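The next block is model.txt, given as compact mmCIF, C-alpha atoms and all ligand atoms.
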```
# COMPACT_ATOMS: atom_id res chain seq x y z
CA MET A 25 285.86 151.56 109.33
CA LYS A 26 285.64 148.01 110.58
CA LYS A 27 281.89 148.11 110.16
CA LYS A 28 282.24 149.36 106.61
CA VAL A 29 284.69 146.59 105.75
CA LEU A 30 282.37 144.02 107.28
CA SER A 31 279.44 145.20 105.21
CA LEU A 32 281.59 145.07 102.12
CA VAL A 33 282.56 141.52 102.93
CA LEU A 34 278.91 140.63 103.35
CA ALA A 35 278.10 142.33 100.09
CA ALA A 36 280.89 140.40 98.40
CA MET A 37 279.61 137.14 99.89
CA MET A 38 276.13 137.81 98.63
CA ALA A 39 277.38 138.88 95.27
CA VAL A 40 276.36 137.08 92.17
CA THR A 41 279.69 136.22 90.69
CA VAL A 42 279.82 136.26 86.97
CA ALA A 43 283.06 135.10 85.51
CA GLY A 44 284.39 136.92 82.49
CA CYS A 45 284.11 135.07 79.25
CA GLY A 46 287.85 134.95 78.67
CA ASN A 47 289.93 131.80 78.55
CA SER A 48 290.90 131.13 82.13
CA GLY A 49 293.42 128.53 81.03
CA ALA A 50 295.80 131.39 80.36
CA GLN A 51 295.76 132.63 83.97
CA THR A 52 298.98 134.05 85.28
CA GLU A 53 300.21 132.70 88.58
CA GLY A 54 298.77 134.38 91.64
CA ALA A 55 295.43 135.42 90.23
CA ALA A 56 292.68 134.10 92.45
CA PRO A 57 289.90 132.08 90.84
CA ALA A 58 286.57 133.85 90.54
CA GLU A 59 284.70 131.79 93.11
CA THR A 60 287.08 132.20 96.04
CA ALA A 61 287.05 135.99 95.88
CA ALA A 62 283.37 136.13 96.73
CA GLU A 63 283.62 133.48 99.41
CA ASN A 64 286.29 134.80 101.68
CA SER A 65 287.25 138.33 102.61
CA THR A 66 290.97 137.63 102.86
CA GLU A 67 290.98 135.94 99.53
CA ALA A 68 288.90 138.76 98.04
CA ALA A 69 291.50 141.27 99.22
CA GLU A 70 294.33 139.13 97.87
CA ALA A 71 292.54 138.78 94.58
CA ALA A 72 292.33 142.56 94.28
CA ASP A 73 296.01 142.91 95.15
CA THR A 74 297.11 140.43 92.55
CA ALA A 75 294.57 141.43 89.95
CA ALA A 76 297.11 143.25 87.80
CA GLY A 77 298.79 139.89 87.32
CA GLY A 78 295.87 138.47 85.41
CA LYS A 79 292.28 139.13 86.28
CA TYR A 80 290.67 142.41 87.22
CA ILE A 81 287.74 142.47 89.60
CA ILE A 82 285.07 144.75 88.22
CA ALA A 83 282.19 145.71 90.50
CA THR A 84 278.73 146.48 89.19
CA ASP A 85 275.12 147.04 90.20
CA THR A 86 272.64 144.19 90.68
CA VAL A 87 269.67 145.41 88.62
CA PHE A 88 269.99 148.52 86.49
CA ALA A 89 268.48 147.52 83.16
CA PRO A 90 269.45 147.92 80.37
CA PHE A 91 272.97 148.40 81.79
CA GLU A 92 273.11 145.31 84.02
CA PHE A 93 270.39 142.80 84.82
CA THR A 94 269.57 139.11 84.71
CA ASP A 95 267.67 138.09 81.58
CA ALA A 96 264.85 135.55 81.25
CA GLU A 97 267.40 132.76 80.77
CA GLY A 98 269.18 133.68 83.99
CA ASN A 99 272.20 135.26 82.30
CA PHE A 100 273.70 138.43 83.73
CA VAL A 101 273.64 140.80 80.74
CA GLY A 102 273.38 144.46 79.71
CA ILE A 103 275.21 147.32 78.05
CA ASP A 104 277.83 147.57 80.82
CA VAL A 105 278.33 143.81 80.90
CA ASP A 106 278.79 143.53 77.13
CA LEU A 107 280.96 146.64 77.00
CA ILE A 108 283.41 145.55 79.68
CA ASN A 109 283.63 142.03 78.23
CA ALA A 110 284.18 143.38 74.70
CA ILE A 111 286.80 145.85 75.94
CA ALA A 112 288.59 143.13 77.92
CA GLU A 113 288.64 140.95 74.83
CA ASP A 114 289.83 143.80 72.63
CA GLN A 115 292.62 144.70 75.03
CA GLY A 116 293.51 141.16 76.07
CA PHE A 117 292.80 141.26 79.79
CA GLU A 118 290.55 139.12 81.95
CA ILE A 119 287.85 140.25 84.29
CA GLU A 120 285.71 138.89 87.04
CA LEU A 121 282.44 140.79 87.25
CA GLN A 122 280.92 141.11 90.73
CA SER A 123 277.30 142.22 90.93
CA LEU A 124 277.26 143.97 94.31
CA GLY A 125 274.69 146.77 94.08
CA PHE A 126 275.49 150.36 93.18
CA ASP A 127 276.50 151.75 96.55
CA ALA A 128 278.40 148.58 97.46
CA ALA A 129 280.22 148.56 94.10
CA LEU A 130 281.59 152.05 94.71
CA LEU A 131 282.58 151.15 98.27
CA ALA A 132 284.33 148.00 97.05
CA VAL A 133 286.53 150.04 94.72
CA GLU A 134 287.21 152.62 97.41
CA ALA A 135 288.23 149.85 99.81
CA GLY A 136 290.50 148.23 97.21
CA GLN A 137 288.35 145.09 97.09
CA ALA A 138 287.57 145.65 93.42
CA ASP A 139 289.72 147.19 90.70
CA GLY A 140 287.09 149.05 88.75
CA VAL A 141 283.40 149.80 88.56
CA ILE A 142 281.03 149.87 85.60
CA ALA A 143 277.49 150.45 86.83
CA GLY A 144 275.84 153.23 84.87
CA MET A 145 277.98 155.40 87.13
CA SER A 146 277.62 159.11 86.51
CA ILE A 147 280.82 161.12 86.22
CA THR A 148 280.47 163.86 88.85
CA GLU A 149 282.88 166.43 90.27
CA GLU A 150 282.29 165.07 93.77
CA ARG A 151 283.19 161.52 92.74
CA LYS A 152 286.35 162.70 90.99
CA ALA A 153 287.82 163.20 94.47
CA LYS A 154 287.71 159.42 94.99
CA PHE A 155 287.72 157.95 91.49
CA ASP A 156 289.46 158.34 88.15
CA PHE A 157 286.98 158.11 85.29
CA SER A 158 287.16 157.00 81.68
CA ASP A 159 285.74 159.14 78.91
CA PRO A 160 281.94 159.15 79.00
CA TYR A 161 280.31 156.18 77.27
CA TYR A 162 276.61 157.05 77.71
CA ASP A 163 274.53 160.15 78.54
CA ALA A 164 271.59 160.14 80.92
CA ASP A 165 269.24 162.68 82.43
CA VAL A 166 267.71 162.20 85.84
CA THR A 167 263.94 161.97 85.90
CA PHE A 168 261.13 160.85 88.15
CA ALA A 169 258.39 158.33 87.52
CA VAL A 170 255.00 157.82 89.14
CA ALA A 171 252.49 154.97 89.10
CA GLN A 172 250.39 154.77 85.93
CA GLY A 173 247.24 156.82 86.39
CA SER A 174 248.78 158.94 89.16
CA ASP A 175 247.75 162.58 89.20
CA ILE A 176 251.30 163.68 90.11
CA ALA A 177 252.38 165.59 87.01
CA SER A 178 255.06 168.03 88.18
CA TYR A 179 257.59 168.81 90.89
CA ASP A 180 255.00 171.05 92.57
CA ASP A 181 252.69 168.06 92.95
CA LEU A 182 255.31 166.33 95.13
CA ALA A 183 254.72 168.79 97.98
CA GLY A 184 254.06 167.00 101.28
CA LYS A 185 254.49 163.57 99.61
CA LYS A 186 257.04 160.79 100.05
CA VAL A 187 259.40 160.04 97.16
CA ALA A 188 261.79 157.11 96.66
CA VAL A 189 265.49 157.38 95.81
CA LYS A 190 268.34 154.89 95.48
CA THR A 191 271.13 155.34 98.01
CA GLY A 192 274.33 156.92 96.78
CA THR A 193 273.05 157.82 93.33
CA ASN A 194 273.03 160.95 91.29
CA GLY A 195 269.21 160.77 91.33
CA ALA A 196 269.23 160.77 95.15
CA ASP A 197 271.54 163.80 95.16
CA TYR A 198 269.28 165.59 92.69
CA ALA A 199 266.17 164.83 94.77
CA LYS A 200 267.94 166.15 97.88
CA SER A 201 268.94 169.32 96.02
CA VAL A 202 265.30 170.20 95.24
CA GLN A 203 263.70 168.65 98.32
CA GLU A 204 263.39 171.89 100.25
CA GLN A 205 262.15 173.83 97.25
CA TYR A 206 259.29 171.41 96.60
CA GLY A 207 258.72 170.19 100.15
CA PHE A 208 258.73 166.41 99.75
CA GLU A 209 260.02 163.65 102.01
CA ILE A 210 262.73 161.22 100.86
CA VAL A 211 262.80 157.45 101.43
CA GLU A 212 265.99 155.61 100.45
CA PHE A 213 266.26 152.18 98.82
CA SER A 214 269.35 150.15 97.97
CA ASP A 215 268.26 148.96 94.53
CA SER A 216 266.07 150.09 91.66
CA PRO A 217 263.43 147.29 91.57
CA THR A 218 262.57 147.76 95.27
CA MET A 219 262.21 151.47 94.67
CA TYR A 220 259.81 150.94 91.72
CA GLN A 221 257.86 148.40 93.79
CA ASP A 222 257.42 150.92 96.58
CA VAL A 223 255.88 153.43 94.17
CA LEU A 224 253.60 150.75 92.71
CA ALA A 225 252.53 149.79 96.23
CA GLY A 226 251.63 153.43 96.83
CA ASN A 227 253.97 153.96 99.79
CA THR A 228 255.92 156.60 97.88
CA VAL A 229 254.36 158.62 95.06
CA ALA A 230 257.42 158.89 92.82
CA CYS A 231 260.94 157.56 92.35
CA PHE A 232 263.99 159.38 91.05
CA GLU A 233 265.93 157.40 88.48
CA ASP A 234 268.10 157.85 85.39
CA TYR A 235 265.88 158.49 82.36
CA PRO A 236 267.19 155.71 80.07
CA VAL A 237 266.74 153.16 82.85
CA MET A 238 263.26 154.35 83.77
CA ALA A 239 262.19 154.48 80.12
CA TYR A 240 263.55 150.98 79.48
CA ASN A 241 261.73 149.52 82.48
CA ILE A 242 258.47 151.15 81.42
CA GLN A 243 258.95 149.80 77.91
CA GLN A 244 259.49 146.36 79.47
CA GLY A 245 256.18 146.57 81.30
CA ALA A 246 256.73 148.42 84.59
CA LYS A 247 253.40 150.09 85.39
CA LEU A 248 255.00 153.48 85.85
CA GLN A 249 254.96 156.69 83.80
CA ILE A 250 257.22 159.70 83.47
CA PRO A 251 255.34 163.01 83.65
CA ASP A 252 256.15 165.50 80.85
CA GLY A 253 258.91 167.98 81.52
CA VAL A 254 260.40 166.51 84.69
CA ASN A 255 263.78 165.49 83.26
CA ALA A 256 266.73 167.29 84.81
CA ALA A 257 270.44 167.38 85.52
CA GLY A 258 272.03 165.38 82.74
CA SER A 259 275.13 163.33 83.45
CA SER A 260 277.40 160.97 81.57
CA TYR A 261 278.35 157.45 82.57
CA GLY A 262 281.97 156.47 82.91
CA PHE A 263 284.03 153.48 83.94
CA ALA A 264 285.93 154.23 87.16
CA VAL A 265 288.94 153.02 89.13
CA GLY A 266 290.04 154.18 92.57
CA LYS A 267 291.79 157.54 92.47
CA GLY A 268 295.43 157.07 91.52
CA LYS A 269 294.99 153.31 91.23
CA ASN A 270 294.80 150.87 88.31
CA ALA A 271 295.96 153.42 85.74
CA GLU A 272 296.76 150.60 83.33
CA LEU A 273 293.24 149.19 83.57
CA LEU A 274 291.79 152.64 82.98
CA SER A 275 293.92 153.27 79.92
CA MET A 276 293.05 149.84 78.50
CA PHE A 277 289.37 150.67 79.02
CA GLN A 278 289.88 153.94 77.17
CA ALA A 279 291.71 152.31 74.29
CA GLY A 280 289.16 149.51 74.08
CA LEU A 281 286.22 151.89 74.13
CA LYS A 282 287.78 153.90 71.33
CA ASN A 283 288.30 150.74 69.26
CA LEU A 284 284.73 149.56 69.89
CA LYS A 285 283.39 152.94 68.81
CA GLU A 286 285.45 152.80 65.64
CA ASN A 287 284.67 149.22 64.67
CA GLY A 288 280.92 149.46 65.24
CA LYS A 289 280.83 147.07 68.21
CA TYR A 290 279.81 149.87 70.60
CA ASP A 291 276.81 150.79 68.43
CA GLU A 292 275.92 147.12 68.15
CA ILE A 293 275.86 146.71 71.94
CA ILE A 294 273.74 149.84 72.46
CA ALA A 295 271.32 148.76 69.70
CA LYS A 296 270.99 145.28 71.19
CA TYR A 297 269.60 146.70 74.45
CA THR A 298 267.74 149.81 73.30
CA LYS A 299 265.78 148.71 70.28
N1 LIG B 301 273.81 157.12 87.25
C1 LIG B 301 273.47 157.09 88.64
C2 LIG B 301 274.66 157.39 89.49
O1 LIG B 301 275.75 157.28 89.05
C3 LIG B 301 272.81 155.78 89.08
C4 LIG B 301 273.66 154.56 88.89
C5 LIG B 301 273.02 153.27 89.36
O2 LIG B 301 272.01 153.29 90.05
N2 LIG B 301 273.58 152.15 88.98
O3 LIG B 301 274.55 157.78 90.62
```

Could you spell out this file's structure in structure tokens?
Amino acid sequence: MKKKVLSLVLAAMMAVTVAGCGNSGAQTEGAAPAETAAENSTEAAEAADTAAGGKYIIATDTVFAPFEFTDAEGNFVGIDVDLINAIAEDQGFEIELQSLGFDAALLAVEAGQADGVIAGMSITEERKAKFDFSDPYYDADVTFAVAQGSDIASYDDLAGKKVAVKTGTNGADYAKSVQEQYGFEIVEFSDSPTMYQDVLAGNTVACFEDYPVMAYNIQQGAKLQIPDGVNAAGSSYGFAVGKGKNAELLSMFQAGLKNLKENGKYDEIIAKYTK
């Protein structure tokens, strides 16, 4: 437990802190400023405790384009980033977005160091034991990609080979579920870019990833390709809070998402990143 907390603290310290775009002049008393939360574990915990008073700490992944990533100008952007900011604005609450990595983001919410997570997080039965989810806001299959020009074209071709997965993800679970059937070896990575790099370097022959993310990266120039017919196990993304916690935040997310879907803002955000 202590070890887990320590790693969370380290993750929080390393986190790229992206302040919400709201007007911080209207802060209620007791809400910790964005910067201190990432600097000090005690303050981070206090910030989470007092978040309901003003600012919610929302954990996210580091690089999971087009959902969250740093653009050419150095801005932290993406569908999740725009969605949570637009929902916060619509519902009149403030957020502090912490880019921790996928696994770390989920752990931060579990440990009460963040109030919610938006990270292309698939709604799964297993996760419902630890998290309360919003309605789905995006659908995604799991797929695998190989280096361009690779002769791996099916699950059968993975036999005896090493494949890359990202720790704690739906894609990793899916790979594990078919590992024995197809006889491949699994190597885990903590973020998507490192996983793609490993395939490009030829250490692993394929990586399991969510289809929209893989397709977007390929469209953006990643020298990978998705063999025909390898998509599987669809899931939907949801915003999550710790089980039984932050019910108000969750219901504001729900209400905001509904409004954004009705007023066209949701479609606008999706179109901005998927054109
Ligand atoms: N959708 C996948 C999951 O929830 C991957 C999310 C991610 O890597 N950010 O497990």

Q) Given a cut-off of 7 Å, what residues near ligand LIG 301 (chain B) show up using only C-alpha atoms and all ligand atoms, put as a list in words? A)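 What falls inside 7 Å of ligand LIG 301 (chain B) is Asp85, Phe88, Phe126, Ala143, Gly144, Met145, Ser146, Ile147, Lys190, Gly192, Thr193, Asn194, Gly195, Ser216, Asp234 and Tyr261 of chain A.
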
Residue subset to file, keeping C-alpha atoms, as a compact mmCIF listing (two decimals), in the coordinates of the input:
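Okay, selection.txt is ready:
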```txt
# COMPACT_ATOMS: atom_id res chain seq x y z
CA ASP A 85 275.12 147.04 90.20
CA PHE A 88 269.99 148.52 86.49
CA PHE A 126 275.49 150.36 93.18
CA ALA A 143 277.49 150.45 86.83
CA GLY A 144 275.84 153.23 84.87
CA MET A 145 277.98 155.40 87.13
CA SER A 146 277.62 159.11 86.51
CA ILE A 147 280.82 161.12 86.22
CA LYS A 190 268.34 154.89 95.48
CA GLY A 192 274.33 156.92 96.78
CA THR A 193 273.05 157.82 93.33
CA ASN A 194 273.03 160.95 91.29
CA GLY A 195 269.21 160.77 91.33
CA SER A 216 266.07 150.09 91.66
CA ASP A 234 268.10 157.85 85.39
CA TYR A 261 278.35 157.45 82.57
```

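Counting all atoms listed in the file, the residue from A:Gly268, A:Pro236, A:Gly116, A:Gly245 that sits nearest to A:Asp163 is A:Pro236.
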
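Between A:Val237 and the residues A:Glu118, A:Asp139, A:Asp222, A:Asp165, the shortest atom-to-atom distance, using all atoms listed in the file, involves A:Asp165.
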
Q) Using all atoms listed in the file, which residues sit within 6 Å of A:Phe208 once same-chain residues fewer than 3 positions away are excluded, as a ChimeraX atom specification? A) /A:182-186,203

(Q) Which residues are close to A:Tyr240, i.e. within 8 Å by only C-alpha atoms, leaving aside same-chain residues fewer than 6 positions away? Reply as a PyMOL selection string. (A) chain A and resi 89-90+298

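Proximity to A:Asp114 was assessed for A:Ala169, A:Ala199, A:Ala239, A:Leu281 counting only C-alpha atoms; the smallest distance is recorded for A:Leu281.
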
Q | Å distance separating atom CA of A:Asp95 from atom CA of A:Leu124, one decimal place | A | 17.0 Å

Q. How many Å separate atom CA of A:Val223 from atom CA of A:Ser178?
A. 15.8 Å

Q: Kindly indicate which residue among A:Tyr290, A:Tyr297, A:Phe100, A:Tyr235 lies nearest to A:Ala257, using all atoms listed in the file for the distances.
A: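 Of all the options, A:Tyr235 lies closest to A:Ala257.
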
With N, CA, C and O atoms as the target, complete stretch 226-237 of chain A and hand it back as an mmCIF file, keeping the file's coordinate frame.
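File result.cif, as written:
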```
data_model
loop_
_atom_site.group_PDB
_atom_site.id
_atom_site.type_symbol
_atom_site.label_atom_id
_atom_site.label_comp_id
_atom_site.auth_asym_id
_atom_site.auth_seq_id
_atom_site.Cartn_x
_atom_site.Cartn_y
_atom_site.Cartn_z
ATOM 1 N N GLY A 226 252.264 152.201 96.351
ATOM 2 C CA GLY A 226 251.630 153.430 96.830
ATOM 3 C C GLY A 226 252.211 153.983 98.130
ATOM 4 O O GLY A 226 251.662 154.925 98.702
ATOM 5 N N ASN A 227 253.332 153.419 98.573
ATOM 6 C CA ASN A 227 253.970 153.960 99.790
ATOM 7 C C ASN A 227 254.643 155.296 99.495
ATOM 8 O O ASN A 227 254.577 156.226 100.291
ATOM 9 N N THR A 228 255.334 155.347 98.356
ATOM 10 C CA THR A 228 255.920 156.600 97.880
ATOM 11 C C THR A 228 255.187 156.949 96.580
ATOM 12 O O THR A 228 254.680 156.048 95.895
ATOM 13 N N VAL A 229 255.145 158.243 96.247
ATOM 14 C CA VAL A 229 254.360 158.620 95.060
ATOM 15 C C VAL A 229 255.217 158.710 93.795
ATOM 16 O O VAL A 229 254.685 158.784 92.679
ATOM 17 N N ALA A 230 256.542 158.749 93.975
ATOM 18 C CA ALA A 230 257.420 158.890 92.820
ATOM 19 C C ALA A 230 258.790 158.320 93.161
ATOM 20 O O ALA A 230 259.142 158.208 94.340
ATOM 21 N N CYS A 231 259.555 157.953 92.115
ATOM 22 C CA CYS A 231 260.940 157.560 92.350
ATOM 23 C C CYS A 231 261.845 158.295 91.383
ATOM 24 O O CYS A 231 261.484 158.505 90.227
ATOM 25 N N PHE A 232 262.996 158.713 91.888
ATOM 26 C CA PHE A 232 263.990 159.380 91.050
ATOM 27 C C PHE A 232 264.924 158.327 90.471
ATOM 28 O O PHE A 232 265.415 157.466 91.192
ATOM 29 N N GLU A 233 265.140 158.425 89.173
ATOM 30 C CA GLU A 233 265.930 157.400 88.480
ATOM 31 C C GLU A 233 266.514 158.024 87.216
ATOM 32 O O GLU A 233 266.025 159.053 86.739
ATOM 33 N N ASP A 234 267.535 157.385 86.661
ATOM 34 C CA ASP A 234 268.100 157.850 85.390
ATOM 35 C C ASP A 234 267.069 157.598 84.273
ATOM 36 O O ASP A 234 266.476 156.515 84.210
ATOM 37 N N TYR A 235 266.918 158.583 83.401
ATOM 38 C CA TYR A 235 265.880 158.490 82.360
ATOM 39 C C TYR A 235 265.979 157.216 81.500
ATOM 40 O O TYR A 235 264.968 156.529 81.302
ATOM 41 N N PRO A 236 267.153 156.894 80.950
ATOM 42 C CA PRO A 236 267.190 155.710 80.070
ATOM 43 C C PRO A 236 266.769 154.427 80.777
ATOM 44 O O PRO A 236 266.194 153.528 80.152
ATOM 45 N N VAL A 237 267.067 154.351 82.061
ATOM 46 C CA VAL A 237 266.740 153.160 82.850
ATOM 47 C C VAL A 237 265.234 153.116 83.134
ATOM 48 O O VAL A 237 264.584 152.087 82.962
#
```
